[in-house]
Structure formats: structure tokens, C-alpha cells
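target-v3.pdb (PDB, C-alpha atoms and all ligand atoms)
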```pdb
MODEL        1
ATOM      1  CA  MET A   1      28.716  -6.766  -2.662
ATOM      2  CA  HIS A   2      26.442  -5.533   0.104
ATOM      3  CA  GLU A   3      24.130  -8.545   0.033
ATOM      4  CA  LEU A   4      27.002 -10.979   0.505
ATOM      5  CA  SER A   5      28.016  -9.619   3.912
ATOM      6  CA  ILE A   6      24.370  -9.407   4.979
ATOM      7  CA  THR A   7      23.847 -13.035   3.998
ATOM      8  CA  GLU A   8      27.005 -14.077   5.829
ATOM      9  CA  SER A   9      25.928 -12.459   9.066
ATOM     10  CA  MET A  10      22.412 -13.833   8.686
ATOM     11  CA  ILE A  11      23.752 -17.376   8.310
ATOM     12  CA  ALA A  12      26.125 -16.844  11.247
ATOM     13  CA  ILE A  13      23.194 -15.898  13.478
ATOM     14  CA  VAL A  14      21.150 -18.866  12.287
ATOM     15  CA  LEU A  15      24.013 -21.329  12.813
ATOM     16  CA  GLU A  16      24.630 -19.996  16.295
ATOM     17  CA  THR A  17      20.963 -20.528  17.123
ATOM     18  CA  ALA A  18      21.158 -24.033  15.659
ATOM     19  CA  ARG A  19      24.205 -24.846  17.812
ATOM     20  CA  GLU A  20      22.535 -23.527  20.951
ATOM     21  CA  GLN A  21      19.512 -25.705  20.281
ATOM     22  CA  LYS A  22      21.700 -28.669  19.341
ATOM     23  CA  ALA A  23      19.927 -28.950  15.998
ATOM     24  CA  LYS A  24      21.197 -31.234  13.268
ATOM     25  CA  ARG A  25      20.148 -29.106  10.377
ATOM     26  CA  VAL A  26      18.378 -25.944   9.362
ATOM     27  CA  ILE A  27      15.161 -26.393   7.423
ATOM     28  CA  LYS A  28      13.855 -22.917   6.875
ATOM     29  CA  ILE A  29      14.848 -19.324   7.493
ATOM     30  CA  GLU A  30      12.274 -16.567   7.357
ATOM     31  CA  LEU A  31      13.665 -13.147   6.668
ATOM     32  CA  VAL A  32      11.778  -9.876   6.780
ATOM     33  CA  LEU A  33      13.021  -7.348   4.266
ATOM     34  CA  GLY A  34      11.759  -3.787   3.983
ATOM     35  CA  ARG A  35      11.427  -2.436   0.451
ATOM     36  CA  LEU A  36      13.402   0.682   1.373
ATOM     37  CA  SER A  37      16.278  -1.207   2.973
ATOM     38  CA  GLY A  38      18.309  -0.995  -0.228
ATOM     39  CA  VAL A  39      18.822  -4.754  -0.148
ATOM     40  CA  VAL A  40      17.750  -6.814  -3.128
ATOM     41  CA  GLY A  41      15.883  -9.979  -2.175
ATOM     42  CA  GLU A  42      16.997 -11.867  -5.283
ATOM     43  CA  SER A  43      20.650 -11.132  -4.530
ATOM     44  CA  LEU A  44      20.186 -12.360  -0.976
ATOM     45  CA  GLN A  45      18.688 -15.588  -2.319
ATOM     46  CA  PHE A  46      21.600 -16.008  -4.678
ATOM     47  CA  CYS A  47      24.249 -15.408  -1.990
ATOM     48  CA  PHE A  48      22.394 -17.733   0.346
ATOM     49  CA  GLU A  49      22.442 -20.573  -2.191
ATOM     50  CA  VAL A  50      26.221 -20.208  -2.488
ATOM     51  CA  ILE A  51      27.165 -19.737   1.173
ATOM     52  CA  LYS A  52      24.875 -22.371   2.669
ATOM     53  CA  ARG A  53      26.567 -25.246   0.817
ATOM     54  CA  GLU A  54      29.412 -25.516   3.306
ATOM     55  CA  THR A  55      27.200 -25.271   6.371
ATOM     56  CA  MET A  56      24.544 -27.260   8.205
ATOM     57  CA  ALA A  57      22.043 -24.970   6.529
ATOM     58  CA  ARG A  58      22.823 -26.562   3.175
ATOM     59  CA  ASP A  59      19.279 -27.921   2.789
ATOM     60  CA  ALA A  60      17.609 -24.847   4.172
ATOM     61  CA  GLU A  61      15.085 -22.785   2.321
ATOM     62  CA  LEU A  62      15.242 -19.013   2.572
ATOM     63  CA  VAL A  63      11.856 -17.347   2.616
ATOM     64  CA  ILE A  64      11.950 -13.605   2.202
ATOM     65  CA  GLU A  65       8.945 -11.548   3.118
ATOM     66  CA  GLU A  66       9.229  -8.137   1.542
ATOM     67  CA  ILE A  67       7.266  -5.479   3.323
ATOM     68  CA  PRO A  68       6.457  -2.049   1.944
ATOM     69  CA  ALA A  69       6.862   1.239   3.737
ATOM     70  CA  ARG A  70       3.765   3.058   4.956
ATOM     71  CA  GLY A  71       3.261   6.628   3.924
ATOM     72  CA  THR A  72       0.962   9.187   5.530
ATOM     73  CA  CYS A  73       0.146  12.329   3.613
ATOM     74  CA  MET A  74       1.150  15.479   5.461
ATOM     75  CA  ASP A  75      -1.600  17.445   3.703
ATOM     76  CA  CYS A  76      -4.713  15.220   3.620
ATOM     77  CA  ASN A  77      -3.661  12.504   6.085
ATOM     78  CA  ALA A  78      -4.378   9.671   3.627
ATOM     79  CA  SER A  79      -2.507   6.450   4.337
ATOM     80  CA  MET A  80      -0.915   4.367   1.579
ATOM     81  CA  GLU A  81       2.035   2.280   0.515
ATOM     82  CA  ALA A  82       5.117   4.419  -0.056
ATOM     83  CA  GLY A  83       8.257   4.121  -2.119
ATOM     84  CA  PRO A  84      10.687   2.959  -3.191
ATOM     85  CA  TYR A  85      10.396   5.753  -5.759
ATOM     86  CA  ASP A  86       7.005   7.130  -4.938
ATOM     87  CA  PHE A  87       6.731   9.535  -2.017
ATOM     88  CA  ILE A  88       3.845  11.645  -3.270
ATOM     89  CA  CYS A  89       0.254  11.294  -2.057
ATOM     90  CA  ARG A  90      -1.923   9.622  -4.681
ATOM     91  CA  GLU A  91      -5.001  11.458  -3.389
ATOM     92  CA  CYS A  92      -3.834  15.065  -3.382
ATOM     93  CA  GLY A  93      -0.192  15.153  -4.518
ATOM     94  CA  GLY A  94       1.084  16.206  -1.095
ATOM     95  CA  PRO A  95       4.301  14.910   0.481
ATOM     96  CA  LEU A  96       4.249  11.603   2.321
ATOM     97  CA  GLU A  97       5.732  11.002   5.710
ATOM     98  CA  VAL A  98       7.242   7.544   5.541
ATOM     99  CA  ALA A  99       7.320   4.949   8.294
ATOM    100  CA  GLY A 100       9.024   1.572   8.149
ATOM    101  CA  GLY A 101      10.431  -0.100   5.059
ATOM    102  CA  ASN A 102      13.961  -0.428   6.441
ATOM    103  CA  GLU A 103      13.365  -3.742   8.176
ATOM    104  CA  LEU A 104      15.953  -6.468   7.822
ATOM    105  CA  TYR A 105      15.844  -9.282  10.338
ATOM    106  CA  VAL A 106      15.413 -13.006  10.756
ATOM    107  CA  ARG A 107      11.882 -13.599  11.990
ATOM    108  CA  ALA A 108      11.940 -17.348  12.369
ATOM    109  CA  VAL A 109      14.250 -20.304  11.990
ATOM    110  CA  GLU A 110      13.034 -23.854  11.593
ATOM    111  CA  LEU A 111      15.479 -26.438  12.922
ATOM    112  CA  GLU A 112      15.621 -30.184  13.096
TER     113      GLU A 112
HETATM  114 ZN    ZN B 201      -2.730  13.735   0.394
ENDMDL
END
```
Please go through the file and, once you have read it, give me the structure as C-alpha cells.
Amino acid sequence: MHELSITESMIAIVLETAREQKAKRVIKIELVLGRLSGVVGESLQFCFEVIKRETMARDAELVIEEIPARGTCMDCNASMEAGPYDFICRECGGPLEVAGGNELYVRAVELE
């Protein structure tokens, strides 16, 4: 499962940060997830609940902020949300040029 390895590396990064800062526990992890990244937020949450049990992040809350991709119409230049299945301009039916949506990174970690 794709989400499992992503969750494992996310927790590894967080725990390393926690060790560097000599924290006792992890309170909150904020993750930014693009809607076109192919990663399912609910699966990440599920994997996180399982993996965190054996770590100092066992009480941590995972907050996932899903962000959409931006599309710009190549015909009429309108700007709108794009994808995951919709890459057609809603104004004129032209093709959208897509920017962003592939984000996947830890934005903030709250430690104690
Ligand atoms: Zn258009």
C-alpha cells in the first residue's frame, strides 16, 4: 500500500525533528496534501493511527489540509479549481493548464 510507506517516512521525519528538539512527545502534525497527488487522505489517517502507537507520536493528531490544483484555461484564460477528473474550462470548454495539486509535505509539527 502506497499510503503506508508515505506515512512511515512522514513519521520518521517527525520523530527525527522531535529528537533534535529533545521533545517528549508529538502533539500535532500538519500535512499538506495536493488533490492530484494520488494519495488518499483517509488512508493516510488510517495508517497513521496504526503506526503511531509504537512511537512517541502515539498521542499525536494528524491534520491533513487538502489543497486543490489550479487550472488556467488556455483559450479564455479563466482561472479555476482543476481536477482530479475535471480538466476542462467551465467557462468555454477549453483545455486547462494545471498548476500544483501534487503537494505532499509536513508543514508544521507541534512538540512538547
Ligand atoms: Zn476557457
Taking the file as shown, what set of residues would the PyMOL selection byres (((chain A and resi 82-93) around 12) and not hetatm) give back, as a ChimeraX atom specification? /A:34-39,67-81,94-102
Counting all atoms listed in the file, the option among A:Leu33, A:Leu4, A:Val14, A:Ala23 closest to A:Phe46: A:Leu4
Could you check how far atom CA of A:Val40 sits from atom CA of A:Ala57, in Å to one decimal?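 That distance, rounded to one decimal, is 21.0 Å.
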Selected residue, from A:Leu111, A:Ile13, A:Val32, A:Val26, that lies nearest to A:Met56 when counting all atoms listed in the file: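 Closest to A:Met56, using all atoms listed in the file: A:Val26.
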In Å, how far is it from atom CA of A:Val106 to atom CA of A:Glu30? 5.8 Å
Axis-aligned box for all listed atoms of stretch 77-86 of chain A, 4 Å per side, centre and edges in Å to one decimal, as JSON:
```
{"center_x": 3.2, "center_y": 7.4, "center_z": 0.2, "size_x": 23.1, "size_y": 18.2, "size_z": 19.8}
```
With only C-alpha atoms as the atoms that count, which of A:Ile64, A:Ala18, A:Ile11, A:Ile27 lies nearest to A:Val50?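 Smallest distance to A:Val50 is found for A:Ile11.
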Which residues come within 10 Å of A:Met10, counting only C-alpha atoms, excluding same-chain residues fewer than 4 positions away, as a ChimeraX atom specification? /A:4-6,14-15,29,31,48,104-106
Atomic distance atom CA of A:Ala108 - atom CA of A:Asp59, expressed in Å with one decimal: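 According to the coordinates, atom CA of A:Ala108 and atom CA of A:Asp59 are separated by 16.0 Å.
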Expand the PyMOL selection byres (((chain A and resi 49) around 10) and not hetatm) into the individual residues it matches in the shown file, reporting them as a ChimeraX atom specification. /A:7,43-48,50-53,57-62
Residue nearest A:Thr55 - candidates A:Gly41, A:Glu8, A:Glu112, A:Gln21, atoms counted: all atoms listed in the file: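 Of A:Gly41, A:Glu8, A:Glu112, A:Gln21, the one nearest A:Thr55, counting all atoms listed in the file, is A:Glu8.
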With the input short on atoms, add N, CA and C atoms back to stretch 26-48 of chain A and write it as a short mmCIF file (atom, residue, chain, number, x, y, z; two decimals), keeping the file's coordinate frame.
```
data_model
loop_
_atom_site.label_atom_id
_atom_site.label_comp_id
_atom_site.auth_asym_id
_atom_site.auth_seq_id
_atom_site.Cartn_x
_atom_site.Cartn_y
_atom_site.Cartn_z
N VAL A 26 19.29 -27.07 9.47
CA VAL A 26 18.38 -25.94 9.36
C VAL A 26 17.43 -26.23 8.21
N ILE A 27 16.15 -26.09 8.46
CA ILE A 27 15.16 -26.39 7.42
C ILE A 27 14.69 -25.14 6.70
N LYS A 28 14.42 -24.11 7.49
CA LYS A 28 13.86 -22.92 6.88
C LYS A 28 14.27 -21.67 7.64
N ILE A 29 14.53 -20.62 6.90
CA ILE A 29 14.85 -19.32 7.49
C ILE A 29 13.86 -18.31 6.92
N GLU A 30 13.19 -17.60 7.81
CA GLU A 30 12.27 -16.57 7.36
C GLU A 30 12.88 -15.20 7.63
N LEU A 31 13.04 -14.46 6.56
CA LEU A 31 13.66 -13.15 6.67
C LEU A 31 12.66 -12.06 6.29
N VAL A 32 12.64 -11.02 7.09
CA VAL A 32 11.78 -9.88 6.78
C VAL A 32 12.65 -8.78 6.17
N LEU A 33 12.21 -8.31 5.01
CA LEU A 33 13.02 -7.35 4.27
C LEU A 33 12.16 -6.15 3.85
N GLY A 34 12.49 -4.99 4.36
CA GLY A 34 11.76 -3.79 3.98
C GLY A 34 12.15 -3.34 2.58
N ARG A 35 11.17 -2.83 1.84
CA ARG A 35 11.43 -2.44 0.45
C ARG A 35 12.36 -1.24 0.36
N LEU A 36 12.53 -0.49 1.44
CA LEU A 36 13.40 0.68 1.37
C LEU A 36 14.77 0.39 1.97
N SER A 37 15.03 -0.87 2.30
CA SER A 37 16.28 -1.21 2.97
C SER A 37 17.47 -1.11 2.02
N GLY A 38 17.21 -1.06 0.73
CA GLY A 38 18.31 -1.00 -0.23
C GLY A 38 18.91 -2.36 -0.52
N VAL A 39 18.33 -3.40 0.06
CA VAL A 39 18.82 -4.75 -0.15
C VAL A 39 17.91 -5.47 -1.14
N VAL A 40 18.52 -6.14 -2.10
CA VAL A 40 17.75 -6.81 -3.13
C VAL A 40 17.51 -8.27 -2.73
N GLY A 41 16.24 -8.64 -2.61
CA GLY A 41 15.88 -9.98 -2.17
C GLY A 41 16.48 -11.07 -3.05
N GLU A 42 16.46 -10.86 -4.36
CA GLU A 42 17.00 -11.87 -5.28
C GLU A 42 18.49 -12.08 -5.08
N SER A 43 19.22 -11.00 -4.79
CA SER A 43 20.65 -11.13 -4.53
C SER A 43 20.90 -11.89 -3.24
N LEU A 44 20.06 -11.62 -2.24
CA LEU A 44 20.19 -12.36 -0.98
C LEU A 44 19.99 -13.85 -1.22
N GLN A 45 18.96 -14.19 -2.00
CA GLN A 45 18.69 -15.59 -2.32
C GLN A 45 19.90 -16.23 -2.99
N PHE A 46 20.46 -15.49 -3.93
CA PHE A 46 21.60 -16.01 -4.68
C PHE A 46 22.79 -16.25 -3.75
N CYS A 47 23.12 -15.27 -2.93
CA CYS A 47 24.25 -15.41 -1.99
C CYS A 47 24.00 -16.57 -1.03
N PHE A 48 22.74 -16.68 -0.59
CA PHE A 48 22.39 -17.73 0.35
C PHE A 48 22.65 -19.12 -0.26
#
```
